[in-house]
Amino acid sequence: MAANKVTLVRLAAHIAGRLEGPDYTEVTGIAELRSAGPTDLSFLINEQHLEAAKVTKAAAVLISDSLCPVALPMVWVSDVPEAINTALELFAQPPESTPGVHPSAVIAPGVRLGTDLAIGPHVVVQDGTTIGDGSVLQAGCYLGRDCLIGQQCCFAPGVIVVDCSQIGNRVVLGQNVVIGSEGFGYRCRDGQHRHIPHLGAVRIADDVEIGAGTCVDRAKFGFTVIGRGTKIDNLVSIAHNVRIGEYCLIAAQTGIAGSAKVGDHVVFGGQVGVRDNITVADGVVAGARAAIHHDLPPGVVVLGMPALERRQALREQAVLRRLPHWPARIRKLEQRLTDLESAADHRQRD
Amino acid sequence: MAANKVTLVRLAAHIAGRLEGPDYTEVTGIAELRSAGPTDLSFLINEQHLEAAKVTKAAAVLISDSLCPVALPMVWVSDVPEAINTALELFAQPPESTPGVHPSAVIAPGVRLGTDLAIGPHVVVQDGTTIGDGSVLQAGCYLGRDCLIGQQCCFAPGVIVVDCSQIGNRVVLGQNVVIGSEGFGYRCRDGQHRHIPHLGAVRIADDVEIGAGTCVDRAKFGFTVIGRGTKIDNLVSIAHNVRIGEYCLIAAQTGIAGSAKVGDHVVFGGQVGVRDNITVADGVVAGARAAIHHDLPPGVVVLGMPALERRQALREQAVLRRLPHWPARIRKLEQRLTDLESAADHRQRD
Amino acid sequence: MAANKVTLVRLAAHIAGRLEGPDYTEVTGIAELRSAGPTDLSFLINEQHLEAAKVTKAAAVLISDSLCPVALPMVWVSDVPEAINTALELFAQPPESTPGVHPSAVIAPGVRLGTDLAIGPHVVVQDGTTIGDGSVLQAGCYLGRDCLIGQQCCFAPGVIVVDCSQIGNRVVLGQNVVIGSEGFGYRCRDGQHRHIPHLGAVRIADDVEIGAGTCVDRAKFGFTVIGRGTKIDNLVSIAHNVRIGEYCLIAAQTGIAGSAKVGDHVVFGGQVGVRDNITVADGVVAGARAAIHHDLPPGVVVLGMPALERRQALREQAVLRRLPHWPARIRKLEQRLTDLESAADHRQRD
């Protein structure tokens, strides 16, 4: 991605590091020692990096306090990986976007557009929708009728937002995200399924970020809700009437079934499943692939299928690993018992 | 979503409820008691709702036969949740669509268009394709060559239908659905994989509904088939040459591998997996996350990974939960045996 | 799909079969005996096919060496399914595409276009991107800035390639594939998550094929890498900084977490999960739904959740299936022991 030029002195200040080298050398990105070019910042985390440091073309390095100096401009820090993450903020540029509305975009007459928008090629916005100041709709986005889109949102190419969705400020939607897909609810009559119309919508709070290909169904009535600051990864499925709290992290390919409630500060690893109509309380952490079938109380850590409290899950796993040795052990017990019994029997007969 | 105005007398007739209140008051949607506005219908299912009923702004309520009357226009019913689902049918409007073909759509000259179509912005339809009367293609849909699309279909924005697909009447495809993606079939030669061309297509029967982001691969030859009335949720993967029967329900993120056969009236929970080339007979029900590795006979209910008949799965789960207590129990058995053996040994030596 | 006309003599030569029938009869596709039309090639694998062969309308058949002749033009082969796969190559045509750039496509002025391109309706290509000779971008594809796209690539409708991606030659991307989606990496501060900017990109080697709806995240810095000849199925999630080797096969709905390394010639069944930051060595085979939590050495075959070496996994499964019988067996052991102990006790008191 395009990146800013950053002087070493500004870098050192931003990451609270100690600069040993020229203040005004500029770097434009981060790279490993062996692949770094002459405008890159690189890094030394441990002694294994010392060899590569001798031949790197990097302009400067982040270097761990625990290492000896190298023959390069250095910024000393205690936690190099953390410093890298912080430094990346300096290099990052806002997503490139051409201000204004691309002539190929189709904007209905009743749309209310804020200022400083960037609306890309082939975007479609239906009637009654409002878009807040500073928002970016990249190529091919589709917004249905009567949506409310906040300020400084960024929707990647191919985002689809269905009628009546309400989206807060600074919401980031990845490529091909669908907000407001049809809920999967049917009534069965004579063996045939009749779709229950879903008249509700989706409400997404401020600072939510959602990854590519994720689908959020609209509610039967009322709203499917995603709380402030929650971050959702790629290819996640969120069903109708789900309510997700604030500041959650939900990793890729997780599925949350209809009307489930997820509290605040919940963390789901990848491929987690949550059953319909259950409640996952605040602060729950579920490991990758956990299958959550029952309500979970606040703060528990669960693993496995079905999801069990971590200690129990690990104990079961440990026992399971030894299980193949048990049949022989039990057979041996039975044999020893039989021997004892026949000996006792013998004695009795004597 | 936009909703119809419905008089209470019409509502009561439609849901077979008993109206106690003014016939011609109009409601336009359903909402919970606390969030209802003055044109909403709300509902009381149990006594916990009585408090909120005192302060609701709802125009009227559905109320359970088992409750005492409240100071609002009421429609009495025996099963409130079922009455809500039925009432939603009255409020639902067909998806809004502008009749005709949007000028930005690209329709090849050899396309045969039915009457009463609505073809949205940026739609592409390739040569040789036929679209039946009354069908709606929302913005950005793509139909390849030589497809047959039935009457009164509704394709959401971003639907992609590949060449030679055959789609029945009243088929509903969600956002970004892909019909006719390439089959994942390779021949291995000298450690390299060479794609087997998939010349077949997909055939989707009447009244099928498919959720957002789901992909249905085309057949190697012949057809991948989805039977009449089957409903499929979001982000499902259906591989080449799969045959799914009639009136099935397949929940989100399920994956069905190549050439598997699924019978009629089958129900899959979310995240189910079906192995390639197996047969799941009519009426099978598989719980969420079931991993189906073997043929299943008609009507069985299966759970777990691997999917086992429900009773066996639950028995195994119950034993597993107690398993961590067993090692101690077995050690104790062994100790008691050793004690007995040494006592016996002692006696013998005496 | 549209298919070539192939004479029987050419077919027989291509699949190394022995033709018994007219050299210049033409066939245009493959179908089962009962559904074949008069220009189709059909096939007989075993004696169950003999009955249908009497009534088929097929122009000719592939027939197994082990069967008796039938009254149709025949091409004798030893392995009919393999011969079908090979024959399909003859019938397959390149994806139909109109040469040149469709007038509705939006190509930035600084884009470098190779020769013999086909760029479909509503495609968008941003500035600084290069597209190699003979590549096809079907309708609605989006390429960001500064991408390098090789020669003879084929991108299906709806493909999205984000800025700075590097894609080799003959790469095939399925419908709605996303290359370069945002990495799911956050720093937690005071309970709030702050996105770590991902400045890296994706590098895809020659002859890679990726299925519909799959998402590949870009790297934090450097590249997420997919090696030469690797084939990936639908709805797969590949996280930031993952490195996948050469000639791998990765089936549908698999998820690979951040910075995991996958070797060469690795095979994953459907719905596999790979934990972040682990290494799966060359030649590993993981069965469908395997959950890989730890590094795996070269060539192992793993199954289950957690993924275990195949033999151990099968042994555990076998023991698990018998587990429900054990509680009774252990209770019986305990009873027998108690009987013996009380008998011994009795003797002592005597």
# chains A, B, ... in the order shown; residues from 1 in each chain; ligands from 1

$ residues_around --residues "Phe268 of chain A" --least-positions-apart "4" --cutoff "8 Å" --atoms "only C-alpha atoms" --output "mmCIF file with all heavy atoms, in the first residue's frame"
data_model
loop_
_atom_site.group_PDB
_atom_site.id
_atom_site.type_symbol
_atom_site.label_atom_id
_atom_site.label_comp_id
_atom_site.auth_asym_id
_atom_site.auth_seq_id
_atom_site.Cartn_x
_atom_site.Cartn_y
_atom_site.Cartn_z
ATOM 1 N N LEU A 249 -13.980 -9.065 19.499
ATOM 2 C CA LEU A 249 -13.137 -9.491 18.378
ATOM 3 C C LEU A 249 -13.662 -10.846 17.896
ATOM 4 O O LEU A 249 -13.694 -11.801 18.679
ATOM 5 C CB LEU A 249 -11.680 -9.667 18.824
ATOM 6 C CG LEU A 249 -10.869 -8.423 19.130
ATOM 7 C CD1 LEU A 249 -9.471 -8.826 19.622
ATOM 8 C CD2 LEU A 249 -10.734 -7.524 17.897
ATOM 9 N N ILE A 250 -14.036 -10.930 16.645
ATOM 10 C CA ILE A 250 -14.636 -12.152 16.123
ATOM 11 C C ILE A 250 -13.863 -12.580 14.885
ATOM 12 O O ILE A 250 -13.906 -11.907 13.858
ATOM 13 C CB ILE A 250 -16.122 -11.914 15.792
ATOM 14 C CG1 ILE A 250 -16.858 -11.555 17.089
ATOM 15 C CG2 ILE A 250 -16.738 -13.133 15.117
ATOM 16 C CD1 ILE A 250 -18.324 -11.252 16.918
ATOM 17 N N ALA A 251 -13.147 -13.708 14.994
ATOM 18 C CA ALA A 251 -12.234 -14.103 13.917
ATOM 19 C C ALA A 251 -12.959 -14.832 12.790
ATOM 20 O O ALA A 251 -14.144 -15.151 12.879
ATOM 21 C CB ALA A 251 -11.096 -14.948 14.490
ATOM 22 N N THR A 254 -16.401 -17.518 11.620
ATOM 23 C CA THR A 254 -17.308 -17.775 12.738
ATOM 24 C C THR A 254 -18.746 -17.618 12.267
ATOM 25 O O THR A 254 -19.036 -16.828 11.369
ATOM 26 C CB THR A 254 -16.977 -16.789 13.881
ATOM 27 O OG1 THR A 254 -15.740 -17.192 14.465
ATOM 28 C CG2 THR A 254 -18.072 -16.753 14.948
ATOM 29 N N VAL A 272 -15.562 -20.377 15.051
ATOM 30 C CA VAL A 272 -16.435 -20.622 16.199
ATOM 31 C C VAL A 272 -17.883 -20.691 15.708
ATOM 32 O O VAL A 272 -18.238 -20.100 14.686
ATOM 33 C CB VAL A 272 -16.255 -19.504 17.246
ATOM 34 C CG1 VAL A 272 -17.411 -19.458 18.252
ATOM 35 C CG2 VAL A 272 -14.928 -19.684 17.967
ATOM 36 N N VAL A 285 -14.200 -15.707 26.305
ATOM 37 C CA VAL A 285 -13.213 -15.985 25.261
ATOM 38 C C VAL A 285 -13.453 -17.407 24.771
ATOM 39 O O VAL A 285 -13.455 -18.342 25.575
ATOM 40 C CB VAL A 285 -11.776 -15.862 25.809
ATOM 41 C CG1 VAL A 285 -10.758 -16.267 24.751
ATOM 42 C CG2 VAL A 285 -11.510 -14.438 26.283
ATOM 43 N N ALA A 286 -13.679 -17.575 23.473
ATOM 44 C CA ALA A 286 -13.885 -18.907 22.910
ATOM 45 C C ALA A 286 -12.777 -19.205 21.925
ATOM 46 O O ALA A 286 -12.539 -18.445 20.986
ATOM 47 C CB ALA A 286 -15.245 -19.000 22.212
ATOM 48 N N GLY A 287 -12.061 -20.314 22.139
ATOM 49 C CA GLY A 287 -10.967 -20.713 21.255
ATOM 50 C C GLY A 287 -11.485 -21.051 19.864
ATOM 51 O O GLY A 287 -12.673 -21.315 19.671
ATOM 52 N N ALA A 288 -10.563 -21.086 18.916
ATOM 53 C CA ALA A 288 -10.925 -21.402 17.535
ATOM 54 C C ALA A 288 -11.726 -22.692 17.490
ATOM 55 O O ALA A 288 -11.429 -23.650 18.187
ATOM 56 C CB ALA A 288 -9.660 -21.539 16.692
#

$ select_by_dssp --residues "segment 183-221 of chain B" --states "strand (DSSP E or B)" --output "list in words"
Tyr186, Arg187, Cys188, Arg189, Gln192, His193, Arg194, His195, Ala201, Val202, Arg203, Ile204, Glu209, Ile210, Cys215, Val216 and Asp217 of chain B

$ interface_residues --of "chain B" --to "chain A" --cutoff "6 Å" --atoms "only C-alpha atoms" --output "ChimeraX atom specification"
/B:1,85,88-89,247,324
